[in-house]
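For reference, protein_12.pdb (PDB, C-alpha atoms, pLDDT in the B column):
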ATOM      1  CA  MET C   1     -16.003  31.216 -21.819  1.00 45.00           C
ATOM      2  CA  ARG C   2     -13.171  32.079 -19.389  1.00 50.00           C
ATOM      3  CA  LEU C   3     -13.461  30.995 -15.750  1.00 50.00           C
ATOM      4  CA  ALA C   4     -11.163  30.890 -12.775  1.00 56.00           C
ATOM      5  CA  ARG C   5      -9.900  27.345 -12.542  1.00 57.00           C
ATOM      6  CA  ALA C   6      -7.607  25.454 -10.225  1.00 60.00           C
ATOM      7  CA  ALA C   7      -4.115  24.405 -11.290  1.00 62.00           C
ATOM      8  CA  TRP C   8      -1.903  21.975  -9.440  1.00 60.00           C
ATOM      9  CA  SER C   9       1.559  23.127  -8.381  1.00 64.00           C
ATOM     10  CA  TRP C  10       4.168  20.410  -7.851  1.00 60.00           C
ATOM     11  CA  ARG C  11       6.499  23.038  -6.361  1.00 64.00           C
ATOM     12  CA  THR C  12       4.164  23.969  -3.487  1.00 67.00           C
ATOM     13  CA  TRP C  13       2.180  20.701  -3.543  1.00 63.00           C
ATOM     14  CA  SER C  14      -1.099  22.632  -3.494  1.00 65.00           C
ATOM     15  CA  LEU C  15      -3.734  24.160  -5.716  1.00 61.00           C
ATOM     16  CA  SER C  16      -3.217  27.563  -7.275  1.00 64.00           C
ATOM     17  CA  ARG C  17      -5.515  29.877  -9.240  1.00 61.00           C
ATOM     18  CA  ALA C  18      -5.126  29.885 -12.984  1.00 58.00           C
ATOM     19  CA  ASP C  19      -7.171  31.898 -15.485  1.00 58.00           C
ATOM     20  CA  GLY C  20      -7.971  30.458 -18.852  1.00 58.00           C
ATOM     21  CA  PRO C  21     -10.537  28.609 -20.907  1.00 60.00           C
ATOM     22  CA  VAL C  22     -12.096  25.543 -19.365  1.00 56.00           C
ATOM     23  CA  ARG C  23     -11.906  22.547 -21.644  1.00 61.00           C
ATOM     24  CA  THR C  24     -14.406  19.738 -21.523  1.00 56.00           C
ATOM     25  CA  ARG C  25     -14.194  16.238 -22.929  1.00 55.00           C
ATOM     26  CA  TRP C  26     -16.599  14.187 -24.940  1.00 55.00           C
ATOM     27  CA  ALA C  27     -18.224  11.822 -22.424  1.00 50.00           C
ATOM     28  CA  PRO C  28     -16.758   8.550 -23.797  1.00 51.00           C
ATOM     29  CA  LEU C  29     -13.262  10.071 -23.537  1.00 45.00           C
ATOM     30  CA  ALA C  30     -13.678  11.378 -19.989  1.00 47.00           C
ATOM     31  CA  PRO C  31     -11.999   8.308 -18.412  1.00 50.00           C
ATOM     32  CA  LEU C  32      -8.848   9.216 -20.358  1.00 45.00           C
ATOM     33  CA  ALA C  33      -8.504  12.536 -18.551  1.00 53.00           C
ATOM     34  CA  ALA C  34      -5.408  12.842 -16.406  1.00 64.00           C
ATOM     35  CA  ALA C  35      -6.009  12.161 -12.718  1.00 71.00           C
ATOM     36  CA  PRO C  36      -5.382  15.348 -10.701  1.00 72.00           C
ATOM     37  CA  ALA C  37      -2.331  15.715  -8.463  1.00 73.00           C
ATOM     38  CA  VAL C  38      -0.796  12.297  -9.064  1.00 83.00           C
ATOM     39  CA  LEU C  39       2.540  11.140 -10.447  1.00 84.00           C
ATOM     40  CA  PRO C  40       1.730   8.647 -13.222  1.00 83.00           C
ATOM     41  CA  GLY C  41       3.778   5.485 -12.961  1.00 85.00           C
ATOM     42  CA  SER C  42       4.889   6.166  -9.393  1.00 88.00           C
ATOM     43  CA  PHE C  43       3.029   3.187  -7.958  1.00 86.00           C
ATOM     44  CA  THR C  44       4.547   0.738 -10.437  1.00 88.00           C
ATOM     45  CA  ALA C  45       8.062   2.134  -9.965  1.00 93.00           C
ATOM     46  CA  LEU C  46       7.894   2.031  -6.177  1.00 94.00           C
ATOM     47  CA  ALA C  47       6.192  -1.386  -6.150  1.00 90.00           C
ATOM     48  CA  VAL C  48       9.111  -2.805  -8.157  1.00 92.00           C
ATOM     49  CA  LEU C  49      11.561  -1.058  -5.811  1.00 95.00           C
ATOM     50  CA  ALA C  50       9.706  -2.503  -2.806  1.00 93.00           C
ATOM     51  CA  ILE C  51       9.967  -6.053  -4.163  1.00 91.00           C
ATOM     52  CA  VAL C  52      13.663  -5.648  -4.960  1.00 93.00           C
ATOM     53  CA  ALA C  53      14.356  -4.201  -1.509  1.00 94.00           C
ATOM     54  CA  ALA C  54      12.436  -6.993   0.215  1.00 92.00           C
ATOM     55  CA  VAL C  55      14.328  -9.748  -1.594  1.00 92.00           C
ATOM     56  CA  ALA C  56      17.719  -8.010  -1.430  1.00 93.00           C
ATOM     57  CA  SER C  57      17.503  -7.560   2.341  1.00 92.00           C
ATOM     58  CA  GLN C  58      16.941 -11.250   3.064  1.00 94.00           C
ATOM     59  CA  PRO C  59      20.357 -12.911   2.420  1.00 94.00           C
ATOM     60  CA  TRP C  60      22.069 -11.114   5.298  1.00 91.00           C
ATOM     61  CA  PHE C  61      19.444 -12.151   7.863  1.00 94.00           C
ATOM     62  CA  LEU C  62      19.135 -15.659   6.397  1.00 94.00           C
ATOM     63  CA  ALA C  63      22.875 -16.220   6.629  1.00 92.00           C
ATOM     64  CA  GLY C  64      22.881 -14.920  10.194  1.00 90.00           C
ATOM     65  CA  LEU C  65      20.274 -17.505  11.154  1.00 92.00           C
ATOM     66  CA  GLY C  66      22.010 -20.297   9.285  1.00 92.00           C
ATOM     67  CA  VAL C  67      19.236 -20.758   6.714  1.00 94.00           C
ATOM     68  CA  ASP C  68      20.000 -21.788   3.130  1.00 94.00           C
ATOM     69  CA  VAL C  69      19.927 -18.528   1.174  1.00 94.00           C
ATOM     70  CA  GLY C  70      19.269 -19.903  -2.325  1.00 94.00           C
ATOM     71  CA  ALA C  71      16.342 -22.084  -1.320  1.00 94.00           C
ATOM     72  CA  SER C  72      14.896 -19.300   0.813  1.00 94.00           C
ATOM     73  CA  ILE C  73      15.045 -16.735  -1.984  1.00 94.00           C
ATOM     74  CA  LEU C  74      13.259 -19.208  -4.258  1.00 93.00           C
ATOM     75  CA  ALA C  75      10.525 -19.604  -1.639  1.00 94.00           C
ATOM     76  CA  SER C  76      10.254 -15.815  -1.243  1.00 93.00           C
ATOM     77  CA  ILE C  77      10.010 -15.099  -4.971  1.00 92.00           C
ATOM     78  CA  SER C  78       7.415 -17.846  -5.394  1.00 92.00           C
ATOM     79  CA  GLY C  79       5.513 -16.418  -2.429  1.00 90.00           C
ATOM     80  CA  LEU C  80       5.627 -12.941  -3.986  1.00 89.00           C
ATOM     81  CA  ILE C  81       4.150 -14.190  -7.246  1.00 90.00           C
ATOM     82  CA  LEU C  82       1.366 -16.139  -5.572  1.00 90.00           C
ATOM     83  CA  GLY C  83       0.854 -13.259  -3.141  1.00 87.00           C
ATOM     84  CA  LEU C  84       0.058 -10.960  -6.063  1.00 87.00           C
ATOM     85  CA  VAL C  85      -2.563 -13.464  -7.214  1.00 91.00           C
ATOM     86  CA  GLY C  86      -4.039 -13.438  -3.713  1.00 88.00           C
ATOM     87  CA  ALA C  87      -3.957  -9.639  -3.596  1.00 86.00           C
ATOM     88  CA  LYS C  88      -5.935  -9.408  -6.820  1.00 87.00           C
ATOM     89  CA  ALA C  89      -8.448 -12.055  -5.712  1.00 88.00           C
ATOM     90  CA  TRP C  90      -8.977 -10.314  -2.352  1.00 82.00           C
ATOM     91  CA  TYR C  91      -9.478  -6.948  -4.082  1.00 82.00           C
ATOM     92  CA  MET C  92     -12.026  -8.375  -6.467  1.00 85.00           C
ATOM     93  CA  GLY C  93     -13.804 -10.025  -3.560  1.00 84.00           C
ATOM     94  CA  LEU C  94     -14.090  -6.698  -1.753  1.00 78.00           C
ATOM     95  CA  LYS C  95     -15.007  -4.586  -4.786  1.00 77.00           C
ATOM     96  CA  GLY C  96     -16.958  -7.188  -6.676  1.00 80.00           C
ATOM     97  CA  PRO C  97     -15.705  -9.127  -9.717  1.00 81.00           C
ATOM     98  CA  SER C  98     -15.756  -7.035 -12.874  1.00 83.00           C
ATOM     99  CA  ARG C  99     -13.569  -6.116 -15.815  1.00 80.00           C
ATOM    100  CA  ARG C 100     -12.536  -2.937 -14.017  1.00 77.00           C
ATOM    101  CA  THR C 101     -11.448  -4.640 -10.789  1.00 77.00           C
ATOM    102  CA  LEU C 102      -9.582  -7.213 -12.872  1.00 79.00           C
ATOM    103  CA  LYS C 103      -7.551  -4.476 -14.575  1.00 75.00           C
ATOM    104  CA  GLU C 104      -6.853  -2.220 -11.583  1.00 74.00           C
ATOM    105  CA  GLY C 105      -6.480  -2.446  -7.828  1.00 74.00           C
ATOM    106  CA  TRP C 106      -4.775  -4.779  -5.361  1.00 76.00           C
ATOM    107  CA  SER C 107      -5.299  -5.584  -1.704  1.00 80.00           C
ATOM    108  CA  VAL C 108      -2.374  -5.712   0.708  1.00 80.00           C
ATOM    109  CA  ASP C 109      -4.481  -7.932   2.999  1.00 79.00           C
ATOM    110  CA  GLY C 110      -4.754 -10.562   0.307  1.00 84.00           C
ATOM    111  CA  PHE C 111      -1.019 -10.394  -0.257  1.00 84.00           C
ATOM    112  CA  LEU C 112      -0.162 -10.688   3.440  1.00 82.00           C
ATOM    113  CA  VAL C 113      -2.381 -13.761   3.752  1.00 85.00           C
ATOM    114  CA  SER C 114      -1.480 -15.628   0.569  1.00 89.00           C
ATOM    115  CA  ALA C 115       2.232 -14.785   0.223  1.00 88.00           C
ATOM    116  CA  PRO C 116       3.328 -16.224   3.606  1.00 88.00           C
ATOM    117  CA  VAL C 117       1.168 -19.326   3.138  1.00 91.00           C
ATOM    118  CA  ALA C 118       2.683 -19.981  -0.284  1.00 92.00           C
ATOM    119  CA  ALA C 119       6.225 -19.247   0.921  1.00 92.00           C
ATOM    120  CA  ILE C 120       5.809 -21.535   3.949  1.00 92.00           C
ATOM    121  CA  ALA C 121       4.546 -24.378   1.753  1.00 94.00           C
ATOM    122  CA  ILE C 122       7.539 -24.044  -0.553  1.00 94.00           C
ATOM    123  CA  ALA C 123       9.929 -23.715   2.396  1.00 93.00           C
ATOM    124  CA  LEU C 124       8.533 -26.912   3.899  1.00 94.00           C
ATOM    125  CA  ALA C 125       8.952 -28.696   0.580  1.00 93.00           C
ATOM    126  CA  GLN C 126      12.632 -27.710   0.649  1.00 93.00           C
ATOM    127  CA  ASP C 127      13.104 -28.756   4.306  1.00 94.00           C
ATOM    128  CA  LEU C 128      13.895 -25.202   5.406  1.00 94.00           C
ATOM    129  CA  PRO C 129      13.500 -24.244   9.085  1.00 96.00           C
ATOM    130  CA  VAL C 130      10.269 -22.301   8.653  1.00 95.00           C
ATOM    131  CA  PRO C 131      10.335 -20.245  11.911  1.00 95.00           C
ATOM    132  CA  ALA C 132      13.863 -18.991  11.205  1.00 96.00           C
ATOM    133  CA  TYR C 133      12.982 -18.336   7.552  1.00 95.00           C
ATOM    134  CA  LEU C 134       9.955 -16.226   8.510  1.00 95.00           C
ATOM    135  CA  ASP C 135      11.986 -14.191  10.995  1.00 96.00           C
ATOM    136  CA  ALA C 136      14.577 -13.465   8.303  1.00 95.00           C
ATOM    137  CA  VAL C 137      11.973 -12.185   5.797  1.00 94.00           C
ATOM    138  CA  ALA C 138      10.151  -9.934   8.286  1.00 95.00           C
ATOM    139  CA  PRO C 139      12.393  -6.834   7.893  1.00 96.00           C
ATOM    140  CA  GLY C 140      12.183  -6.965   4.099  1.00 94.00           C
ATOM    141  CA  LEU C 141       8.439  -7.577   4.120  1.00 93.00           C
ATOM    142  CA  PHE C 142       7.696  -4.434   6.100  1.00 96.00           C
ATOM    143  CA  LEU C 143      10.312  -2.412   4.250  1.00 96.00           C
ATOM    144  CA  ALA C 144       8.306  -3.259   1.130  1.00 93.00           C
ATOM    145  CA  VAL C 145       5.137  -2.006   2.846  1.00 94.00           C
ATOM    146  CA  ALA C 146       6.896   1.256   3.709  1.00 96.00           C
ATOM    147  CA  ILE C 147       8.080   1.839   0.146  1.00 96.00           C
ATOM    148  CA  GLY C 148       4.907   0.666  -1.559  1.00 92.00           C
ATOM    149  CA  ARG C 149       2.605   2.918   0.460  1.00 93.00           C
ATOM    150  CA  VAL C 150       4.536   5.977  -0.691  1.00 95.00           C
ATOM    151  CA  GLY C 151       3.648   4.904  -4.221  1.00 92.00           C
ATOM    152  CA  CYS C 152      -0.001   4.704  -3.167  1.00 91.00           C
ATOM    153  CA  PHE C 153       0.168   8.281  -1.875  1.00 93.00           C
ATOM    154  CA  LEU C 154       1.765   9.614  -5.065  1.00 92.00           C
ATOM    155  CA  THR C 155      -0.648   7.808  -7.362  1.00 90.00           C
ATOM    156  CA  GLY C 156      -3.847   8.563  -5.403  1.00 89.00           C
ATOM    157  CA  CYS C 157      -4.964   5.086  -4.355  1.00 86.00           C
ATOM    158  CA  CYS C 158      -6.108   4.229  -0.814  1.00 86.00           C
ATOM    159  CA  ALA C 159      -6.541   7.963  -0.234  1.00 89.00           C
ATOM    160  CA  GLY C 160      -7.402   9.414   3.143  1.00 90.00           C
ATOM    161  CA  ARG C 161     -10.537  11.381   3.944  1.00 89.00           C
ATOM    162  CA  ALA C 162     -10.728  15.064   3.080  1.00 90.00           C
ATOM    163  CA  THR C 163     -10.329  17.217   6.163  1.00 88.00           C
ATOM    164  CA  ARG C 164     -10.375  20.856   7.272  1.00 86.00           C
ATOM    165  CA  GLY C 165      -7.914  20.069  10.034  1.00 85.00           C
ATOM    166  CA  TRP C 166      -4.405  18.653   9.789  1.00 86.00           C
ATOM    167  CA  GLY C 167      -3.653  16.947   6.515  1.00 88.00           C
ATOM    168  CA  LEU C 168      -1.620  16.973   3.314  1.00 90.00           C
ATOM    169  CA  TRP C 169      -2.656  17.965  -0.180  1.00 87.00           C
ATOM    170  CA  SER C 170      -3.206  14.748  -2.083  1.00 88.00           C
ATOM    171  CA  SER C 171      -5.575  13.101  -4.494  1.00 87.00           C
ATOM    172  CA  ASP C 172      -7.986  10.204  -4.669  1.00 86.00           C
ATOM    173  CA  ARG C 173      -7.509  10.289  -8.475  1.00 83.00           C
ATOM    174  CA  ARG C 174     -10.684  12.350  -8.772  1.00 83.00           C
ATOM    175  CA  VAL C 175     -10.364  15.314  -6.405  1.00 84.00           C
ATOM    176  CA  ALA C 176      -7.239  16.957  -5.015  1.00 84.00           C
ATOM    177  CA  ALA C 177      -7.808  18.228  -1.479  1.00 87.00           C
ATOM    178  CA  LYS C 178      -6.263  18.378   1.959  1.00 90.00           C
ATOM    179  CA  ARG C 179      -6.562  14.815   3.190  1.00 92.00           C
ATOM    180  CA  LEU C 180      -5.545  12.623   6.072  1.00 92.00           C
ATOM    181  CA  PRO C 181      -2.323  10.993   4.785  1.00 94.00           C
ATOM    182  CA  ALA C 182      -3.478   7.439   5.458  1.00 93.00           C
ATOM    183  CA  GLN C 183      -0.944   5.930   3.049  1.00 94.00           C
ATOM    184  CA  LEU C 184       2.030   7.751   4.598  1.00 96.00           C
ATOM    185  CA  ILE C 185       0.946   6.795   8.112  1.00 96.00           C
ATOM    186  CA  GLU C 186       0.824   3.161   7.016  1.00 95.00           C
ATOM    187  CA  SER C 187       4.235   3.607   5.399  1.00 97.00           C
ATOM    188  CA  ALA C 188       5.589   4.867   8.732  1.00 97.00           C
ATOM    189  CA  VAL C 189       4.098   1.832  10.494  1.00 97.00           C
ATOM    190  CA  GLY C 190       5.805  -0.449   7.972  1.00 96.00           C
ATOM    191  CA  LEU C 191       9.159   1.293   8.382  1.00 97.00           C
ATOM    192  CA  THR C 192       8.896   1.103  12.170  1.00 98.00           C
ATOM    193  CA  LEU C 193       8.124  -2.624  12.082  1.00 97.00           C
ATOM    194  CA  ALA C 194      10.950  -3.259   9.601  1.00 97.00           C
ATOM    195  CA  THR C 195      13.340  -1.490  11.971  1.00 97.00           C
ATOM    196  CA  VAL C 196      12.043  -3.364  15.023  1.00 97.00           C
ATOM    197  CA  ALA C 197      12.391  -6.709  13.220  1.00 96.00           C
ATOM    198  CA  ALA C 198      15.913  -5.920  12.006  1.00 96.00           C
ATOM    199  CA  VAL C 199      17.087  -4.785  15.430  1.00 96.00           C
ATOM    200  CA  ALA C 200      15.562  -7.852  17.096  1.00 95.00           C
ATOM    201  CA  LEU C 201      17.393 -10.166  14.671  1.00 95.00           C
ATOM    202  CA  LEU C 202      20.695  -8.314  15.071  1.00 93.00           C
ATOM    203  CA  MET C 203      20.367  -8.558  18.855  1.00 93.00           C
ATOM    204  CA  HIS C 204      19.455 -12.268  18.606  1.00 91.00           C
ATOM    205  CA  VAL C 205      16.079 -11.770  20.300  1.00 89.00           C
ATOM    206  CA  ALA C 206      14.081 -15.039  20.158  1.00 85.00           C
ATOM    207  CA  GLU C 207      16.489 -16.069  17.432  1.00 80.00           C
ATOM    208  CA  GLY C 208      14.968 -18.269  14.764  1.00 88.00           C
ATOM    209  CA  SER C 209      11.808 -19.003  16.742  1.00 93.00           C
ATOM    210  CA  GLY C 210       9.389 -17.229  14.406  1.00 94.00           C
ATOM    211  CA  ALA C 211       8.473 -14.816  17.211  1.00 96.00           C
ATOM    212  CA  VAL C 212       9.825 -11.776  15.348  1.00 96.00           C
ATOM    213  CA  PHE C 213       7.642 -12.471  12.322  1.00 95.00           C
ATOM    214  CA  ALA C 214       4.591 -13.290  14.444  1.00 95.00           C
ATOM    215  CA  PHE C 215       4.936 -10.148  16.562  1.00 96.00           C
ATOM    216  CA  THR C 216       5.362  -7.761  13.641  1.00 96.00           C
ATOM    217  CA  ILE C 217       2.571  -9.269  11.538  1.00 94.00           C
ATOM    218  CA  VAL C 218       0.094  -9.101  14.449  1.00 95.00           C
ATOM    219  CA  ILE C 219       0.990  -5.474  15.229  1.00 96.00           C
ATOM    220  CA  TYR C 220       0.624  -4.541  11.566  1.00 94.00           C
ATOM    221  CA  ALA C 221      -2.751  -6.281  11.293  1.00 91.00           C
ATOM    222  CA  ILE C 222      -4.037  -4.380  14.330  1.00 93.00           C
ATOM    223  CA  ALA C 223      -2.677  -1.045  13.101  1.00 94.00           C
ATOM    224  CA  ARG C 224      -4.158  -1.589   9.663  1.00 90.00           C
ATOM    225  CA  GLN C 225      -7.672  -2.039  11.025  1.00 88.00           C
ATOM    226  CA  GLY C 226      -7.436   1.433  12.548  1.00 89.00           C
ATOM    227  CA  LEU C 227      -5.885   2.960   9.423  1.00 90.00           C
ATOM    228  CA  LEU C 228      -8.778   1.735   7.282  1.00 87.00           C
ATOM    229  CA  ARG C 229     -11.027   4.164   9.162  1.00 87.00           C
ATOM    230  CA  LEU C 230      -8.950   7.098   7.884  1.00 88.00           C
ATOM    231  CA  ARG C 231      -9.668   6.369   4.243  1.00 88.00           C
ATOM    232  CA  ALA C 232     -12.086   8.215   2.004  1.00 85.00           C
ATOM    233  CA  GLU C 233     -13.591   4.867   1.122  1.00 76.00           C
ATOM    234  CA  THR C 234     -13.746   3.290   4.535  1.00 65.00           C
ATOM    235  CA  ARG C 235     -14.089  -0.260   5.781  1.00 66.00           C
ATOM    236  CA  PRO C 236     -14.517  -1.145   9.460  1.00 62.00           C
ATOM    237  CA  PHE C 237     -12.361  -4.230   8.885  1.00 62.00           C
ATOM    238  CA  SER C 238     -10.079  -5.332   6.083  1.00 62.00           C
ATOM    239  CA  TRP C 239     -12.337  -8.192   5.026  1.00 53.00           C
ATOM    240  CA  ARG C 240     -15.503  -6.096   4.618  1.00 62.00           C
ATOM    241  CA  ARG C 241     -16.586  -4.257   1.529  1.00 61.00           C
ATOM    242  CA  ALA C 242     -15.763  -0.560   1.261  1.00 58.00           C
ATOM    243  CA  ARG C 243     -18.369   2.147   1.638  1.00 60.00           C
ATOM    244  CA  PRO C 244     -18.206   5.827   0.670  1.00 51.00           C
ATOM    245  CA  GLY C 245     -16.481   7.946   3.270  1.00 46.00           C
ATOM    246  CA  VAL C 246     -18.032  11.031   4.863  1.00 43.00           C
ATOM    247  CA  VAL C 247     -16.166  14.311   4.927  1.00 39.00           C
ATOM    248  CA  PRO C 248     -15.670  15.172   8.614  1.00 37.00           C
ATOM    249  CA  GLN C 249     -17.356  18.328   9.848  1.00 34.00           C
ATOM    250  CA  PRO C 250     -15.507  20.898  11.971  1.00 31.00           C
TER     251      PRO C 250
END

What's the structure tokens form of this structure?
Amino acid sequence: MRLARAAWSWRTWSLSRADGPVRTRWAPLAPLAAAPAVLPGSFTALAVLAIVAAVASQPWFLAGLGVDVGASILASISGLILGLVGAKAWYMGLKGPSRRTLKEGWSVDGFLVSAPVAAIAIALAQDLPVPAYLDAVAPGLFLAVAIGRVGCFLTGCCAGRATRGWGLWSSDRRVAAKRLPAQLIESAVGLTLATVAAVALLMHVAEGSGAVFAFTIVIYAIARQGLLRLRAETRPFSWRRARPGVVPQP
């Protein structure tokens, strides 16, 4: 049987009509079907780039604040590793522990809570000036958010709600549609905060007091609570379980 079916165009980033036979899959193999309108591997590639960028940006700011670079990088890398553990635990707490949530999914909230705590503990153990250390890592931290959220957009996770108004063609790994670009908005927030933190450090604003880190992390936390309401699977707050989103009516 030949039916009109939708084909995804990477050139126009939209759906196009394609005629041809419709193929179905045997039910047990359905999970192996390619997710529509995503770039496989993009999240992993950009997540690695985000981590590299975050760590690589720190030595300049650390040296400017007179903080030991080697010890600080060790604290940051240790914080990153333990932050990933926290991100997975937070995700499983929100979605419910299961084999599926163990294999896929992370929560940026869990990372932003556990990574700084772990890094601070290690910094204290090395007698580093913690307020100055936190200020120095702030630009890289939010640069990583900016890069990582682009990977989320390209791979279809944390997708925005479908809309008939302004939006961008994207996927939630199940359906490609015009959606609110929640991931890209969060990426823009991260880039803005990274820029604000970098400029503040270069201009010696509240130098080494920890105020730069505190200000940016509070602004991000507030912005994130609002951005969660744009998602297809919405949560009123980052610590509450997700619920199915509702497609907005015109």

For the provided coordinates, the residues matched by the PyMOL selection byres ((chain C and resi 189) around 10) should be stated as a count of residues only. 20

Given the PyMOL selection byres ((chain C and resi 57) around 10), the residues it picks as a PyMOL selection string: chain C and resi 52-56+58-62+136-141+143+198

Which residues, named as in the file, does the PyMOL selection byres ((chain C and resi 116) around 9) pick out? Answer as a PDB file with C-alpha atoms, in the frame of the given file.
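Generated file (result.pdb):
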ATOM      1  CA  SER C  76      10.254 -15.815  -1.243  1.00 93.00           C
ATOM      2  CA  GLY C  79       5.513 -16.418  -2.429  1.00 90.00           C
ATOM      3  CA  LEU C  80       5.627 -12.941  -3.986  1.00 89.00           C
ATOM      4  CA  GLY C  83       0.854 -13.259  -3.141  1.00 87.00           C
ATOM      5  CA  PHE C 111      -1.019 -10.394  -0.257  1.00 84.00           C
ATOM      6  CA  LEU C 112      -0.162 -10.688   3.440  1.00 82.00           C
ATOM      7  CA  VAL C 113      -2.381 -13.761   3.752  1.00 85.00           C
ATOM      8  CA  SER C 114      -1.480 -15.628   0.569  1.00 89.00           C
ATOM      9  CA  ALA C 115       2.232 -14.785   0.223  1.00 88.00           C
ATOM     10  CA  VAL C 117       1.168 -19.326   3.138  1.00 91.00           C
ATOM     11  CA  ALA C 118       2.683 -19.981  -0.284  1.00 92.00           C
ATOM     12  CA  ALA C 119       6.225 -19.247   0.921  1.00 92.00           C
ATOM     13  CA  ILE C 120       5.809 -21.535   3.949  1.00 92.00           C
ATOM     14  CA  ALA C 121       4.546 -24.378   1.753  1.00 94.00           C
ATOM     15  CA  LEU C 134       9.955 -16.226   8.510  1.00 95.00           C
TER      16      LEU C 134
END

Pick from C:Gly210, C:Gly41, C:Gly165, C:Gly105, whichever lies nearest to Met92 of chain C using only C-alpha atoms: C:Gly105

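Taking atom CA of Ala35 of chain C and atom CA of Gly167 of chain C as the two end points, the separation is 20.0 Å.
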
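Between atom CA of Leu124 of chain C and atom CA of Val199 of chain C the interatomic distance comes to 26.4 Å.
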
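Taking atom CA of Trp90 of chain C and atom CA of Trp106 of chain C as the two end points, the separation is 7.6 Å.
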
Using only C-alpha atoms, find the one residue out of C:Glu233, C:Ala45, C:Leu154, C:Tyr91 that sits nearest to Lys103 of chain C. C:Tyr91

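Ranking C:Ile81, C:Cys158, C:Ile122, C:Val150 by their shortest atom-to-atom distance to Arg229 of chain C, with all atoms listed in the file included, puts C:Cys158 first.
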
For a quick check of understanding, using only C-alpha atoms, which of C:Leu94, C:Leu39, C:Leu65, C:Val85 has the smallest distance to Phe153 of chain C? C:Leu39

With a distance cut-off of 7 Å and all atoms listed in the file, select the neighbouring residues of Leu180 of chain C, excluding the residue or stretch itself and same-chain residues fewer than 2 positions from it, and output the selection as a ChimeraX atom specification. /C:160-163,167-168,182,230

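Distances from C:His204, C:Lys95, C:Arg231, C:Lys88 to Gly110 of chain C were compared using only C-alpha atoms, and the smallest one belongs to C:Lys88.
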
Go ahead and find all residues with at least one atom no further than 6 Å from (1.1, 2.5, -7.0) in the file's coordinates, using all atoms listed in the file; report them as a PyMOL selection string. chain C and resi 42-44+151-152+155

Dump of C-alpha atoms for the selected residues, as a CSV table (one decimal), in the frame of the given file:
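What landed in out_21.csv:
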chain,number,residue,atom,x,y,z
C,42,SER,CA,4.9,6.2,-9.4
C,43,PHE,CA,3.0,3.2,-8.0
C,44,THR,CA,4.5,0.7,-10.4
C,151,GLY,CA,3.6,4.9,-4.2
C,152,CYS,CA,0.0,4.7,-3.2
C,155,THR,CA,-0.6,7.8,-7.4
